[in-house]
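Q: Just so it is clear, I am handing over target_22.cif, which has mmCIF, C-alpha atoms.
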data_upload
loop_
_atom_site.label_atom_id
_atom_site.label_comp_id
_atom_site.auth_asym_id
_atom_site.auth_seq_id
_atom_site.Cartn_x
_atom_site.Cartn_y
_atom_site.Cartn_z
CA GLY L 2 -35.57 -29.71 0.04
CA LEU L 3 -35.70 -30.86 -3.57
CA GLY L 4 -34.27 -28.21 -5.88
CA ASN L 5 -33.73 -25.60 -3.15
CA GLU L 6 -30.07 -26.15 -2.31
CA ASN L 7 -28.77 -23.37 -4.57
CA VAL L 8 -31.51 -20.81 -4.01
CA VAL L 9 -29.29 -18.33 -2.14
CA GLU L 10 -26.51 -18.64 -4.71
CA ASP L 11 -28.97 -18.20 -7.57
CA ILE L 12 -30.40 -15.06 -5.98
CA LEU L 13 -26.93 -13.59 -5.71
CA ASP L 14 -26.22 -14.44 -9.34
CA ILE L 15 -29.30 -12.61 -10.62
CA GLN L 16 -29.03 -9.66 -8.22
CA GLU L 17 -28.93 -6.52 -10.33
CA GLU L 18 -25.55 -4.79 -10.15
CA THR L 19 -25.41 -1.07 -9.35
CA LYS L 20 -22.26 1.01 -9.64
CA TYR L 21 -21.82 4.02 -7.38
CA THR L 22 -19.14 6.68 -7.89
CA VAL L 23 -18.31 8.76 -4.82
CA GLU L 24 -15.87 11.62 -4.20
CA THR L 25 -15.66 11.93 -0.39
CA ILE L 26 -15.36 9.67 2.66
CA ASP L 27 -18.89 10.63 3.74
CA GLU L 28 -20.28 9.72 0.31
CA LEU L 29 -18.40 6.40 0.49
CA ASN L 30 -19.95 5.52 3.85
CA ALA L 31 -23.41 6.47 2.60
CA ALA L 32 -22.99 4.32 -0.53
CA ILE L 33 -21.91 1.32 1.55
CA LYS L 34 -25.03 1.66 3.74
CA ARG L 35 -27.43 1.63 0.78
CA ALA L 36 -25.54 -0.90 -1.38
CA ASP L 37 -26.98 -4.31 -2.23
CA ALA L 38 -25.21 -7.58 -3.02
CA ASN L 39 -22.87 -7.44 -6.04
CA ASP L 40 -22.85 -3.62 -6.16
CA ILE L 41 -19.64 -1.79 -7.06
CA ILE L 42 -18.59 1.37 -5.22
CA LYS L 43 -15.87 3.45 -6.87
CA PHE L 44 -14.17 6.07 -4.71
CA LYS L 45 -12.60 8.66 -7.01
CA PRO L 46 -11.97 12.09 -5.48
CA GLU L 47 -12.77 15.18 -7.49
CA LYS L 48 -10.11 15.95 -10.11
CA GLU L 49 -6.73 16.90 -8.57
CA LYS L 50 -8.14 16.50 -5.04
CA THR L 51 -6.26 14.37 -2.51
CA ILE L 52 -7.75 12.49 0.46
CA ASN L 53 -5.67 13.53 3.46
CA ASN L 54 -7.52 11.66 6.24
CA SER L 55 -7.33 8.06 7.41
CA PHE L 56 -10.56 6.08 7.08
CA SER L 57 -11.97 2.57 7.44
CA ILE L 58 -14.09 0.52 5.05
CA GLU L 59 -16.21 -1.87 7.12
CA THR L 60 -19.14 -3.93 5.86
CA LYS L 61 -20.32 -7.54 5.73
CA LYS L 62 -22.07 -6.92 2.41
CA THR L 63 -20.97 -8.69 -0.77
CA VAL L 64 -19.73 -5.58 -2.55
CA THR L 65 -16.68 -4.50 -4.54
CA ILE L 66 -14.79 -1.38 -3.49
CA GLU L 67 -12.62 0.38 -6.10
CA LEU L 68 -10.19 3.20 -5.33
CA ASP L 69 -8.74 5.75 -7.74
CA GLY L 70 -6.90 9.01 -7.08
CA ARG L 71 -4.45 9.84 -4.29
CA TYR L 72 -4.65 8.95 -0.59
CA ARG L 73 -2.07 10.16 1.93
CA GLN L 74 -3.13 8.31 5.11
CA THR L 75 -3.96 4.75 6.18
CA ILE L 76 -6.98 2.87 4.81
CA THR L 77 -8.30 0.02 6.97
CA LEU L 78 -10.23 -2.81 5.28
CA ASP L 79 -12.68 -5.04 7.17
CA ILE L 80 -14.85 -6.50 4.41
CA PRO L 81 -15.14 -10.28 5.02
CA ASN L 82 -17.49 -10.77 2.05
CA GLY L 83 -16.16 -7.97 -0.14
CA LYS L 84 -13.57 -7.35 -2.82
CA PHE L 85 -11.09 -4.49 -3.17
CA ASN L 86 -9.56 -3.19 -6.41
CA ASN L 87 -6.92 -0.48 -6.17
CA TYR L 88 -6.05 1.84 -9.06
CA ALA L 89 -4.95 4.63 -6.72
CA GLU L 90 -1.74 5.99 -5.24
CA ILE L 91 -1.99 5.11 -1.55
CA GLU L 92 0.86 6.85 0.25
CA GLY L 93 -0.22 6.04 3.80
CA GLY L 94 -0.81 2.33 3.31
CA VAL L 95 -3.50 -0.31 3.66
CA LYS L 96 -4.28 -2.25 6.85
CA LEU L 97 -6.01 -5.48 5.79
CA LYS L 98 -8.02 -6.96 8.68
CA ASN L 99 -10.45 -9.16 6.77
CA ILE L 100 -11.43 -9.66 3.15
CA LYS L 101 -13.12 -12.31 1.04
CA ASN L 102 -10.57 -14.82 -0.22
CA GLU L 103 -9.00 -14.07 -3.63
CA SER L 104 -10.17 -10.49 -3.43
CA LEU L 105 -7.49 -7.76 -3.19
CA VAL L 106 -6.17 -6.63 -6.57
CA ASN L 107 -3.60 -3.84 -6.92
CA LYS L 108 -3.07 -2.04 -10.22
CA GLY L 109 -1.85 1.19 -8.62
CA SER L 110 0.71 1.86 -5.89
CA ILE L 111 0.61 1.14 -2.16
CA GLN L 112 3.25 2.39 0.26
CA ASP L 113 2.60 -0.17 3.04
CA LEU L 114 0.33 -3.22 3.01
CA ASP L 115 -0.13 -4.74 6.48
CA ILE L 116 -1.93 -8.10 6.48
CA TYR L 117 -3.76 -9.23 9.64
CA ASP L 118 -6.41 -11.47 8.01
CA GLU L 119 -6.80 -14.68 10.05
CA ASN L 120 -9.29 -16.21 7.59
CA GLY L 121 -7.07 -16.36 4.50
CA CYS L 122 -6.66 -13.91 1.65
CA LYS L 123 -5.20 -13.59 -1.82
CA ILE L 124 -3.25 -10.51 -2.92
CA GLU L 125 -2.82 -9.95 -6.65
CA ASN L 126 -0.25 -7.31 -7.55
CA GLU L 127 -0.68 -6.92 -11.31
CA SER L 128 1.98 -5.86 -13.82
CA SER L 129 1.17 -2.17 -13.34
CA GLY L 130 1.07 -2.56 -9.56
CA GLU L 131 3.73 -1.37 -7.14
CA ILE L 132 3.87 -2.13 -3.42
CA TRP L 133 6.69 -0.69 -1.34
CA PHE L 134 6.45 -2.84 1.80
CA VAL L 135 4.25 -5.85 2.69
CA THR L 136 4.09 -6.94 6.35
CA ILE L 137 2.38 -10.24 7.19
CA VAL L 138 1.81 -10.61 10.93
CA GLU L 139 2.17 -13.90 12.80
CA GLU L 140 -1.58 -14.27 13.35
CA ALA L 141 -2.41 -14.04 9.63
CA ASN L 142 -3.34 -17.35 7.98
CA ASP L 143 -3.20 -18.71 4.43
CA VAL L 144 -1.86 -15.58 2.76
CA TYR L 145 -1.39 -16.11 -0.98
CA ILE L 146 0.47 -13.43 -2.94
CA VAL L 147 0.50 -13.47 -6.75
CA ASN L 148 2.93 -10.85 -8.02
CA SER L 149 3.53 -9.80 -11.60
CA GLY L 150 4.45 -6.21 -10.70
CA ASP L 151 7.01 -4.74 -8.30
CA ILE L 152 7.28 -5.34 -4.55
CA THR L 153 10.21 -3.76 -2.75
CA LYS L 154 10.07 -5.77 0.47
CA ILE L 155 8.00 -8.50 2.14
CA SER L 156 8.33 -9.13 5.87
CA ASN L 157 6.68 -12.48 6.57
CA ASN L 158 5.92 -13.73 10.07
CA SER L 159 3.19 -16.25 9.20
CA SER L 160 3.79 -19.98 8.75
CA SER L 161 1.25 -20.34 5.91
CA THR L 162 2.33 -17.75 3.33
CA ILE L 163 2.67 -18.70 -0.33
CA ILE L 164 4.15 -16.40 -2.99
CA ARG L 165 3.94 -16.93 -6.75
CA ASN L 166 6.22 -14.39 -8.37
CA SER L 167 6.48 -13.60 -12.06
CA GLY L 168 7.43 -9.98 -11.35
CA ASN L 169 10.09 -8.39 -9.17
CA ILE L 170 10.53 -8.77 -5.41
CA ASP L 171 13.63 -7.12 -4.01
CA THR L 172 13.77 -8.49 -0.45
CA VAL L 173 12.01 -11.09 1.68
CA THR L 174 12.61 -10.98 5.42
CA GLY L 175 10.84 -11.79 8.70
CA LYS L 176 10.57 -14.67 11.17
CA LYS L 177 9.21 -17.28 8.74
CA GLU L 178 10.30 -18.17 5.22
CA PRO L 179 7.37 -18.26 2.78
CA ALA L 180 6.99 -20.81 0.00
CA ILE L 181 8.10 -18.99 -3.17
CA SER L 182 7.66 -20.19 -6.76
CA GLY L 183 8.71 -18.45 -9.95
CA ASN L 184 11.22 -15.60 -9.79
CA LYS L 185 13.26 -15.61 -6.61
CA PRO L 186 13.70 -12.40 -4.59
CA LYS L 187 16.99 -10.57 -4.97
CA VAL L 188 17.60 -10.95 -1.22
CA ASN L 189 16.11 -13.63 1.06
CA ASP L 190 16.89 -12.64 4.63
CA THR L 191 14.10 -14.37 6.56
CA GLU L 192 16.40 -15.59 9.33
CA LYS L 193 17.25 -12.02 10.33
CA GLU L 194 14.55 -10.44 12.47
CA THR L 195 14.46 -6.70 11.81
CA LYS L 196 12.22 -3.79 12.61
CA ALA L 197 11.16 -2.04 9.45
CA ALA L 198 11.76 1.65 9.02
CA ARG L 199 8.71 3.37 7.62
CA GLY L 200 6.51 6.42 7.81
CA LEU L 201 8.38 9.00 5.68
CA ASN L 202 6.44 9.65 2.49
CA PRO L 203 8.00 12.44 0.39
CA ARG L 204 5.52 14.13 -1.94
CA VAL L 205 6.71 15.35 -5.32
CA GLU L 206 4.74 17.90 -7.35
CA ALA L 207 5.35 20.06 -10.38
CA CYS L 208 6.47 23.65 -9.82
CA SER L 209 3.60 26.16 -9.92
CA VAL L 210 5.69 28.00 -12.50
CA PRO L 211 7.20 25.24 -14.66
CA LYS L 212 10.98 24.93 -14.38
CA LYS L 213 12.84 22.34 -16.40
CA ASP L 214 14.29 19.45 -14.34
CA TYR L 215 13.03 20.90 -11.06
CA VAL L 216 10.20 19.81 -8.76
CA MET L 217 8.67 20.82 -5.44
CA ILE L 218 9.25 18.30 -2.64
CA THR L 219 7.32 18.11 0.62
CA ILE L 220 8.37 15.85 3.51
CA PRO L 221 5.34 15.97 5.85
CA ASN L 222 7.20 14.69 8.90
CA SER L 223 9.15 16.28 11.74
CA PRO L 224 12.15 14.68 13.48
CA LYS L 225 11.28 12.62 16.56
CA ASP L 226 13.28 14.94 18.83
CA SER L 227 16.44 17.07 18.84
CA ARG L 228 18.67 14.01 18.42
CA TYR L 229 17.18 13.23 15.01
CA LYS L 230 17.34 14.80 11.58
CA ILE L 231 15.53 13.93 8.36
CA TYR L 232 17.72 13.51 5.29
CA TYR L 233 16.68 13.15 1.67
CA ARG L 234 18.26 12.50 -1.70
CA VAL L 235 17.25 12.22 -5.36
CA VAL L 236 18.24 8.91 -6.98
CA TYR L 237 17.86 7.39 -10.43
CA ASN L 238 17.24 3.81 -9.27
CA LYS L 239 14.33 2.61 -7.16
CA PRO L 240 15.38 2.69 -3.47
CA TYR L 241 15.37 -0.36 -1.22
CA ALA L 242 13.27 -0.40 1.95
CA MET L 243 15.45 0.12 5.05
CA ASP L 244 15.35 -1.35 8.54
CA VAL L 245 15.81 0.44 11.86
CA GLY L 246 19.53 0.42 12.64
CA ASP L 247 20.72 0.54 9.03
CA LYS L 248 23.63 2.92 8.40
CA ILE L 249 23.85 5.59 5.69
CA ASN L 250 26.65 7.80 4.41
CA ILE L 251 25.25 11.24 5.25
CA GLY L 252 27.65 12.77 2.73
CA GLU L 253 25.35 11.40 0.02
CA TRP L 254 22.23 12.96 1.58
CA THR L 255 20.88 16.47 2.30
CA VAL L 256 19.22 17.62 5.53
CA ALA L 257 15.54 18.30 4.88
CA PRO L 258 13.87 21.54 5.98
CA THR L 259 12.09 21.19 9.33
CA ASP L 260 9.04 23.33 8.55
CA GLU L 261 7.29 20.63 6.44
CA GLU L 262 6.81 23.18 3.65
CA PRO L 263 7.46 22.47 -0.08
CA PHE L 264 10.98 23.18 -1.30
CA LEU L 265 12.59 23.33 -4.75
CA GLU L 266 14.92 20.51 -5.82
CA LYS L 267 16.54 19.44 -9.07
CA ALA L 268 15.17 16.11 -10.26
CA LYS L 269 14.84 14.83 -13.80
CA ASN L 270 11.83 12.87 -14.96
CA GLY L 271 11.99 9.26 -13.75
CA CYS L 272 13.97 9.96 -10.57
CA TYR L 273 12.98 8.86 -7.07
CA VAL L 274 13.05 10.88 -3.84
CA GLU L 275 14.19 8.93 -0.78
CA ALA L 276 13.92 10.14 2.84
CA VAL L 277 15.24 8.73 6.14
CA GLU L 278 15.25 9.79 9.78
CA VAL L 279 18.71 9.58 11.34
CA ASN L 280 19.78 9.54 14.97
CA THR L 281 22.69 11.99 14.85
CA SER L 282 23.76 11.26 18.44
CA THR L 283 25.11 7.78 17.63
#
Will you turn the file into structure tokens for me?
A:
Amino acid sequence: GLGNENVVEDILDIQEETKYTVETIDELNAAIKRADANDIIKFKPEKEKTINNSFSIETKKTVTIELDGRYRQTITLDIPNGKFNNYAEIEGGVKLKNIKNESLVNKGSIQDLDIYDENGCKIENESSGEIWFVTIVEEANDVYIVNSGDITKISNNSSSTIIRNSGNIDTVTGKKEPAISGNKPKVNDTEKETKAARGLNPRVEACSVPKKDYVMITIPNSPKDSRYKIYYRVVYNKPYAMDVGDKINIGEWTVAPTDEEPFLEKAKNGCYVEAVEVNTST
């Protein structure tokens, strides 16, 4: 009708914005249920608290989800009309099933970002953002990555991936070569199909009684079976992501304790802790 074409859009534009701040998964789910269009929900755990459980964020509402704090397990996103801003340290990774286009912004750190979105999505990794490993599955469509931060590795298996890189990307691999503009990756190995090694997330914390150049390290993983051992090392340069089958010189590594308890290790400020699981029978 005359003058009515933009009614829905106009209503969204004038919808009052409410910002919720929640501290637990239950509070997050409750806030999503009562949220209206354009509302912002910020998940920030209580000071020094860590979220140790996996959880999913699922809604068709036009809302923005913001994360801050520390998350040790996988977060699944299914928000076809929503936006997601990350300021947090996500050790377990993000599984992106569906999100409104141009809507995932990372200013924190993400261990693994797995992209399944078949409807198209834009990932913005800002200058402060760090992503260890991005996997784009074959079924994902129209994935657009804008990177001005650091990405260690991208495994691309989609035929419609575009990357604009003004930051640092160490390695690109996978079945399909993406279109890349700007800074080229240090290694482009898209013709080599590999299985990524992942799942070991060392945690580093200050000693309860401060000790100069020492930290407490926890490796919350056990070896697969008696044939395997977990090794770790402290390095000064950012490690590269490894693939299953890669070889290491075990003389440069130390066998990790098997009880998954914190242990003391010398490590100066700015160092990285790297961990791998090794088949010692081969």
Q: Which residues are close to region 34-42 of chain L, i.e. within 9 Å by all atoms listed in the file, leaving aside same-chain residues fewer than 2 positions away? Reply as a list in words.
A: Leu13, Asp14, Gln16, Glu17, Glu18, Thr19, Lys20, Tyr21, Thr22, Val23, Leu29, Asn30, Ala31, Ala32, Phe44, Thr60, Lys62, Thr63, Val64, Thr65, Ile66, Glu67, Leu68 and Gly83 of chain L
Q: Using only C-alpha atoms, which of the listed residues (L:Glu119, L:Glu59, L:Glu140, L:Glu262) sits closest to Leu78 (chain L)?
A: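 Closest candidate: L:Glu59.
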Q: Could you check the closest approach to Lys96 (chain L) for each of L:Thr51, L:Met243, L:Val235, L:Ile80 and tell me which residue wins, using all atoms listed in the file?
A: L:Ile80
Q: With distances taken over all atoms listed in the file, which of L:Glu28, L:Glu47, L:Glu90, L:Asp115 is nearest to Thr77 (chain L)?
A: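 Nearest candidate to Thr77 (chain L) out of L:Glu28, L:Glu47, L:Glu90, L:Asp115: L:Asp115.
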Q: One decimal, in Å: what's the spacing between CA of Asp226 (chain L) and CA of Ile91 (chain L)?
A: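 Separation between CA of Asp226 (chain L) and CA of Ile91 (chain L): 27.3 Å.
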